[in-house]
Amino acid sequence: MKRDITQKLKDEHQLILRMLALLEKMALLTAQGVCRDYRFYLDGVDFIRNYADRFHHAKEEDILFEALIENGMPRANSPVAAMLMEHDQGREFVRALEEAATRALNGEAGQDQAIADNAFGYLELLREHISKEDEILYPLAERLIPEAKRDEIAAGYQRAEDEAKAGLEEHYRGIVAGYEAKAAA
Ligand SMILES: [Fe+2]
Ligand SMILES: [Fe+2]
């Protein structure tokens with residue numbers, strides 16, 4: 001059997017999806033004008049930037065997608081190009097979400113709509129994105145990338161993990177679990 005090169009990324013998706021479920025719950029309350037925990041959104045933005053983007057998307061962009069391109073996928077007008085565009089679209093939603101939540105935390109009224117819209121925009125985009133990767137792009141990578149290349153990919157993931165702050169994964173698992181417990185209370 002070939003060495004697996006996507007399971008780790010799929011596991012990371014599972015934690016990201018848990019944060020998206022929290023974001024959905026909170027954004028529904030915010031849209032109804034009954035959520036005042038704006039701090040959550042800044043923790044959500046921090047999770048998305050440092051875990052989903054800097055940690056997970058960086059592995060995709062720098063390692064797995066590059067390997068797909070080396071193995072015949074075009075860089076432009078291709079599934080990889082579409083995924084990169086969606087990473088960028090996500091960053092826009094997150095910037096706008098952070099801005100509105102920061103304003104709300106500073107006591108500015110009237111931010112709820114912008115917070116809810118950008119939260120929903122992001123979570124809908126990212127859920128679709130993750131399902132395309134899990135169901136289409138990753139299986140394609142498992143078929144396309146030859147065995148000889150796989151140790152290098154695994155080493156690349158390991159390097160990204162070594163370069164990340166120690167305990168990053170545990171830290172963000174703790175953040176998500178903490179908010180889940182709060183939401184269930
Ligand atoms: Fe992605
Ligand atoms: Fe991903």
# chains A, B, ... in the order shown; residues from 1 in each chain; ligands from 1

call {"tool": "residues_near_ligand", "arguments": {"ligand": "ligand 2", "cutoff": "9 Å", "atoms": "only C-alpha atoms and all ligand atoms", "output": "NGL selection string"}}
result
:A and (9-10 or 12-13 or 16 or 52-53 or 56-57 or 59-60 or 83 or 87 or 126 or 129-134)

call {"tool": "residues_around", "arguments": {"residues": "A:Ala27", "least_positions_apart": "3", "cutoff": "9 Å", "atoms": "only C-alpha atoms", "output": "number ranges by chain"}}
result
A: 22-24, 30-32, 35, 112, 115-117, 119-120

call {"tool": "atom_distance", "arguments": {"atom1": "atom CA of A:Pro139", "atom2": "atom CA of A:Thr6"}}
result
8.2 Å

call {"tool": "select_by_dssp", "arguments": {"residues": "stretch 60-122 of chain A", "states": "helix (DSSP H, G or I)", "output": "ChimeraX atom specification"}}
result
/A:60-70,79-105,112-122

call {"tool": "atom_distance", "arguments": {"atom1": "atom CA of A:Glu124", "atom2": "atom CA of A:Gly167"}}
result
28.7 Å

call {"tool": "closest_residue", "arguments": {"among": "A:Glu180, A:Asp151, A:Glu170, A:Glu128", "to": "ligand 1", "atoms": "only C-alpha atoms and all ligand atoms"}}
result
A:Glu128

call {"tool": "residues_around", "arguments": {"residues": "A:Phe47", "least_positions_apart": "4", "cutoff": "12 Å", "atoms": "only C-alpha atoms", "output": "PyMOL selection string"}}
result
chain A and resi 15-20+22-23+40-43+51-56+94+98+168-176

call {"tool": "write_last_selection", "arguments": {"atoms": "N, CA and C atoms", "output": "mmCIF file, in the first residue's frame"}}
result
data_model
loop_
_atom_site.group_PDB
_atom_site.id
_atom_site.type_symbol
_atom_site.label_atom_id
_atom_site.label_comp_id
_atom_site.auth_asym_id
_atom_site.auth_seq_id
_atom_site.Cartn_x
_atom_site.Cartn_y
_atom_site.Cartn_z
ATOM 1 N N LEU A 15 -11.232 19.304 12.813
ATOM 2 C CA LEU A 15 -11.194 20.351 13.854
ATOM 3 C C LEU A 15 -11.712 21.678 13.291
ATOM 4 N N ILE A 16 -11.352 21.966 12.056
ATOM 5 C CA ILE A 16 -11.832 23.208 11.419
ATOM 6 C C ILE A 16 -13.369 23.179 11.318
ATOM 7 N N LEU A 17 -13.929 22.035 10.955
ATOM 8 C CA LEU A 17 -15.397 21.927 10.847
ATOM 9 C C LEU A 17 -16.077 22.128 12.199
ATOM 10 N N ARG A 18 -15.417 21.682 13.266
ATOM 11 C CA ARG A 18 -15.996 21.920 14.604
ATOM 12 C C ARG A 18 -16.032 23.414 14.908
ATOM 13 N N MET A 19 -14.982 24.130 14.529
ATOM 14 C CA MET A 19 -15.002 25.587 14.719
ATOM 15 C C MET A 19 -16.078 26.235 13.838
ATOM 16 N N LEU A 20 -16.275 25.719 12.635
ATOM 17 C CA LEU A 20 -17.309 26.289 11.751
ATOM 18 C C LEU A 20 -18.706 26.066 12.341
ATOM 19 N N LEU A 22 -19.414 25.992 15.516
ATOM 20 C CA LEU A 22 -19.532 27.003 16.582
ATOM 21 C C LEU A 22 -19.822 28.371 15.980
ATOM 22 N N LEU A 23 -19.110 28.666 14.920
ATOM 23 C CA LEU A 23 -19.275 29.961 14.256
ATOM 24 C C LEU A 23 -20.725 30.104 13.769
ATOM 25 N N PHE A 40 -15.699 35.884 21.266
ATOM 26 C CA PHE A 40 -15.655 34.597 20.546
ATOM 27 C C PHE A 40 -15.156 34.780 19.113
ATOM 28 N N TYR A 41 -15.630 35.850 18.468
ATOM 29 C CA TYR A 41 -15.263 36.029 17.062
ATOM 30 C C TYR A 41 -13.769 36.299 16.904
ATOM 31 N N LEU A 42 -13.209 37.005 17.866
ATOM 32 C CA LEU A 42 -11.756 37.243 17.754
ATOM 33 C C LEU A 42 -10.972 35.957 18.008
ATOM 34 N N ASP A 43 -11.480 35.116 18.905
ATOM 35 C CA ASP A 43 -10.848 33.798 19.085
ATOM 36 C C ASP A 43 -11.035 32.944 17.829
ATOM 37 N N TYR A 51 -4.471 28.418 12.762
ATOM 38 C CA TYR A 51 -4.610 26.970 12.585
ATOM 39 C C TYR A 51 -5.060 26.632 11.157
ATOM 40 N N ALA A 52 -6.250 27.157 10.773
ATOM 41 C CA ALA A 52 -6.784 26.787 9.455
ATOM 42 C C ALA A 52 -5.891 27.323 8.333
ATOM 43 N N ASP A 53 -5.426 28.547 8.481
ATOM 44 C CA ASP A 53 -4.699 29.148 7.368
ATOM 45 C C ASP A 53 -3.189 28.910 7.476
ATOM 46 N N ARG A 54 -2.559 29.466 8.491
ATOM 47 C CA ARG A 54 -1.098 29.395 8.562
ATOM 48 C C ARG A 54 -0.591 27.962 8.716
ATOM 49 N N PHE A 55 -1.334 27.139 9.385
ATOM 50 C CA PHE A 55 -0.894 25.760 9.646
ATOM 51 C C PHE A 55 -1.414 24.801 8.552
ATOM 52 N N HIS A 56 -2.725 24.738 8.399
ATOM 53 C CA HIS A 56 -3.309 23.766 7.460
ATOM 54 C C HIS A 56 -3.175 24.206 5.993
ATOM 55 N N VAL A 94 -12.539 36.801 6.604
ATOM 56 C CA VAL A 94 -11.976 36.828 7.952
ATOM 57 C C VAL A 94 -11.523 38.241 8.325
ATOM 58 N N GLU A 98 -13.187 40.213 11.443
ATOM 59 C CA GLU A 98 -12.355 40.751 12.517
ATOM 60 C C GLU A 98 -12.629 42.236 12.728
ATOM 61 N N LEU A 168 0.830 23.962 19.338
ATOM 62 C CA LEU A 168 -0.194 24.692 18.570
ATOM 63 C C LEU A 168 -1.480 23.875 18.397
ATOM 64 N N GLU A 169 -1.318 22.625 17.994
ATOM 65 C CA GLU A 169 -2.484 21.770 17.763
ATOM 66 C C GLU A 169 -3.295 21.606 19.068
ATOM 67 N N GLU A 170 -2.623 21.322 20.159
ATOM 68 C CA GLU A 170 -3.304 21.124 21.451
ATOM 69 C C GLU A 170 -3.983 22.413 21.885
ATOM 70 N N HIS A 171 -3.285 23.524 21.678
ATOM 71 C CA HIS A 171 -3.850 24.822 22.054
ATOM 72 C C HIS A 171 -5.188 25.041 21.350
ATOM 73 N N TYR A 172 -5.223 24.827 20.042
ATOM 74 C CA TYR A 172 -6.455 25.105 19.299
ATOM 75 C C TYR A 172 -7.527 24.051 19.538
ATOM 76 N N ARG A 173 -7.101 22.807 19.815
ATOM 77 C CA ARG A 173 -8.105 21.804 20.216
ATOM 78 C C ARG A 173 -8.774 22.247 21.512
ATOM 79 N N GLY A 174 -7.976 22.808 22.409
ATOM 80 C CA GLY A 174 -8.505 23.297 23.687
ATOM 81 C C GLY A 174 -9.481 24.454 23.497
ATOM 82 N N ILE A 175 -9.162 25.373 22.601
ATOM 83 C CA ILE A 175 -10.044 26.522 22.328
ATOM 84 C C ILE A 175 -11.397 26.019 21.820
ATOM 85 N N VAL A 176 -11.352 25.111 20.841
ATOM 86 C CA VAL A 176 -12.604 24.599 20.259
ATOM 87 C C VAL A 176 -13.409 23.849 21.324
#

call {"tool": "closest_residue", "arguments": {"among": "A:Ile5, A:Ala58, A:Leu29, A:Ala21", "to": "ligand 1", "atoms": "only C-alpha atoms and all ligand atoms"}}
result
A:Ala58

call {"tool": "residues_around", "arguments": {"residues": "A:Asn71", "least_positions_apart": "4", "cutoff": "8 Å", "atoms": "only C-alpha atoms", "output": "ChimeraX atom specification"}}
result
/A:67,144-145

call {"tool": "write_last_selection", "arguments": {"atoms": "N, CA and C atoms", "output": "CSV table (one decimal), in the first residue's frame"}}
result
chain,number,residue,atom,x,y,z
A,67,ALA,N,3.1,19.4,-5.1
A,67,ALA,CA,3.3,18.0,-5.6
A,67,ALA,C,2.4,17.7,-6.7
A,144,LEU,N,-2.6,10.2,-8.0
A,144,LEU,CA,-1.7,10.8,-8.9
A,144,LEU,C,-0.2,10.8,-8.4
A,145,ILE,N,0.0,11.0,-7.1
A,145,ILE,CA,1.3,11.2,-6.7
A,145,ILE,C,2.0,9.9,-6.4

call {"tool": "atom_distance", "arguments": {"atom1": "atom CA of A:Ala82", "atom2": "atom CA of A:Leu137"}}
result
10.8 Å

call {"tool": "closest_residue", "arguments": {"among": "A:Lys182, A:Arg143, A:Lys2, A:Arg39", "to": "A:Ala104", "atoms": "only C-alpha atoms"}}
result
A:Arg39

call {"tool": "decode", "arguments": {"residues": "stretch 24-163 of chain A", "atoms": "C-alpha atoms", "output": "tab-separated table (two decimals), in the first residue's frame"}}
result
chain	number	residue	atom	x	y	z
A	24	GLU	CA	-22.66	29.06	12.77
A	25	LYS	CA	-24.31	28.79	16.17
A	26	MET	CA	-22.92	32.11	17.30
A	27	ALA	CA	-23.64	33.91	14.03
A	28	LEU	CA	-27.29	32.83	14.21
A	29	LEU	CA	-27.54	34.40	17.67
A	30	THR	CA	-25.74	37.51	16.47
A	31	ALA	CA	-28.07	37.84	13.48
A	32	GLN	CA	-30.99	37.69	15.92
A	33	GLY	CA	-29.35	40.37	18.05
A	34	VAL	CA	-29.05	38.12	21.10
A	35	CYS	CA	-25.32	37.34	21.11
A	36	ARG	CA	-23.02	39.67	22.98
A	37	ASP	CA	-19.96	37.44	23.16
A	38	TYR	CA	-17.99	39.30	20.52
A	39	ARG	CA	-14.78	38.00	22.06
A	40	PHE	CA	-15.65	34.60	20.55
A	41	TYR	CA	-15.26	36.03	17.06
A	42	LEU	CA	-11.76	37.24	17.75
A	43	ASP	CA	-10.85	33.80	19.08
A	44	GLY	CA	-12.47	32.35	15.97
A	45	VAL	CA	-10.43	34.67	13.75
A	46	ASP	CA	-7.27	33.70	15.63
A	47	PHE	CA	-8.08	30.00	15.14
A	48	ILE	CA	-8.78	30.49	11.44
A	49	ARG	CA	-5.62	32.53	10.82
A	50	ASN	CA	-3.19	30.47	12.80
A	51	TYR	CA	-4.61	26.97	12.58
A	52	ALA	CA	-6.78	26.79	9.46
A	53	ASP	CA	-4.70	29.15	7.37
A	54	ARG	CA	-1.10	29.39	8.56
A	55	PHE	CA	-0.89	25.76	9.65
A	56	HIS	CA	-3.31	23.77	7.46
A	57	HIS	CA	-3.55	25.84	4.27
A	58	ALA	CA	0.20	26.34	4.28
A	59	LYS	CA	0.69	22.55	4.16
A	60	GLU	CA	-1.67	22.39	1.21
A	61	GLU	CA	-0.25	25.37	-0.64
A	62	ASP	CA	3.45	24.72	-0.09
A	63	ILE	CA	3.51	20.95	-0.11
A	64	LEU	CA	0.54	18.94	-1.41
A	65	PHE	CA	-0.61	21.31	-4.15
A	66	GLU	CA	2.97	21.81	-5.34
A	67	ALA	CA	3.33	18.04	-5.55
A	68	LEU	CA	0.14	17.84	-7.63
A	69	ILE	CA	1.52	20.44	-10.00
A	70	GLU	CA	4.82	18.57	-10.26
A	71	ASN	CA	2.81	15.51	-11.19
A	72	GLY	CA	0.92	16.99	-14.05
A	73	MET	CA	-1.79	19.26	-12.71
A	74	PRO	CA	-1.71	22.69	-14.40
A	75	ARG	CA	-1.04	25.64	-12.12
A	76	ALA	CA	-3.69	27.81	-13.81
A	77	ASN	CA	-7.36	26.99	-14.51
A	78	SER	CA	-7.13	23.82	-12.48
A	79	PRO	CA	-8.59	22.40	-9.27
A	80	VAL	CA	-5.49	23.64	-7.43
A	81	ALA	CA	-6.01	27.15	-8.80
A	82	ALA	CA	-9.64	27.03	-7.64
A	83	MET	CA	-8.60	25.92	-4.15
A	84	LEU	CA	-6.03	28.72	-3.90
A	85	MET	CA	-8.66	31.25	-4.94
A	86	GLU	CA	-10.98	29.98	-2.23
A	87	HIS	CA	-8.23	30.29	0.39
A	88	ASP	CA	-7.94	33.94	-0.64
A	89	GLN	CA	-11.70	34.52	-0.59
A	90	GLY	CA	-11.74	33.09	2.92
A	91	ARG	CA	-9.06	35.55	4.03
A	92	GLU	CA	-11.27	38.43	2.86
A	93	PHE	CA	-14.24	37.24	4.95
A	94	VAL	CA	-11.98	36.83	7.95
A	95	ARG	CA	-10.56	40.33	7.62
A	96	ALA	CA	-14.06	41.81	7.46
A	97	LEU	CA	-15.26	39.65	10.36
A	98	GLU	CA	-12.36	40.75	12.52
A	99	GLU	CA	-12.98	44.39	11.72
A	100	ALA	CA	-16.68	44.26	12.60
A	101	ALA	CA	-16.09	42.23	15.80
A	102	THR	CA	-13.34	44.61	16.90
A	103	ARG	CA	-15.68	47.55	16.40
A	104	ALA	CA	-18.41	45.81	18.38
A	105	LEU	CA	-15.97	45.08	21.21
A	106	ASN	CA	-15.02	48.75	21.22
A	107	GLY	CA	-18.67	49.60	21.85
A	108	GLU	CA	-19.68	50.62	18.34
A	109	ALA	CA	-23.31	49.76	17.68
A	110	GLY	CA	-24.71	48.25	14.48
A	111	GLN	CA	-22.02	45.64	13.78
A	112	ASP	CA	-24.19	42.54	14.13
A	113	GLN	CA	-25.23	42.30	10.49
A	114	ALA	CA	-21.66	42.60	9.22
A	115	ILE	CA	-20.46	40.04	11.75
A	116	ALA	CA	-23.18	37.53	10.85
A	117	ASP	CA	-22.81	38.07	7.09
A	118	ASN	CA	-19.06	37.55	7.08
A	119	ALA	CA	-19.23	34.61	9.47
A	120	PHE	CA	-21.82	32.89	7.26
A	121	GLY	CA	-19.92	33.81	4.11
A	122	TYR	CA	-16.79	32.22	5.52
A	123	LEU	CA	-18.34	29.08	6.91
A	124	GLU	CA	-20.34	28.34	3.80
A	125	LEU	CA	-17.29	28.87	1.61
A	126	LEU	CA	-15.06	26.74	3.79
A	127	ARG	CA	-17.50	23.85	4.25
A	128	GLU	CA	-17.84	23.55	0.48
A	129	HIS	CA	-14.10	23.91	0.10
A	130	ILE	CA	-13.35	21.17	2.62
A	131	SER	CA	-15.81	18.80	1.03
A	132	LYS	CA	-14.24	19.36	-2.40
A	133	GLU	CA	-10.82	18.59	-0.95
A	134	ASP	CA	-11.95	15.55	1.03
A	135	GLU	CA	-14.01	14.08	-1.78
A	136	ILE	CA	-12.24	15.14	-4.96
A	137	LEU	CA	-8.81	16.72	-4.64
A	138	TYR	CA	-7.30	14.53	-1.93
A	139	PRO	CA	-8.42	11.26	-3.53
A	140	LEU	CA	-6.98	12.59	-6.79
A	141	ALA	CA	-3.67	13.33	-5.03
A	142	GLU	CA	-3.65	9.80	-3.60
A	143	ARG	CA	-4.02	8.41	-7.13
A	144	LEU	CA	-1.69	10.82	-8.90
A	145	ILE	CA	1.33	11.23	-6.67
A	146	PRO	CA	3.84	8.41	-6.99
A	147	GLU	CA	5.22	6.44	-4.08
A	148	ALA	CA	8.71	7.86	-4.64
A	149	LYS	CA	7.50	11.37	-3.82
A	150	ARG	CA	5.58	10.50	-0.66
A	151	ASP	CA	8.37	10.44	1.91
A	152	GLU	CA	9.27	13.94	0.86
A	153	ILE	CA	5.68	15.11	1.34
A	154	ALA	CA	5.48	13.51	4.77
A	155	ALA	CA	8.79	15.18	5.66
A	156	GLY	CA	7.37	18.50	4.45
A	157	TYR	CA	4.35	18.14	6.75
A	158	GLN	CA	6.66	17.27	9.61
A	159	ARG	CA	8.80	20.31	8.92
A	160	ALA	CA	5.71	22.55	8.94
A	161	GLU	CA	4.73	21.05	12.29
A	162	ASP	CA	8.20	21.51	13.71
A	163	GLU	CA	8.23	25.14	12.59
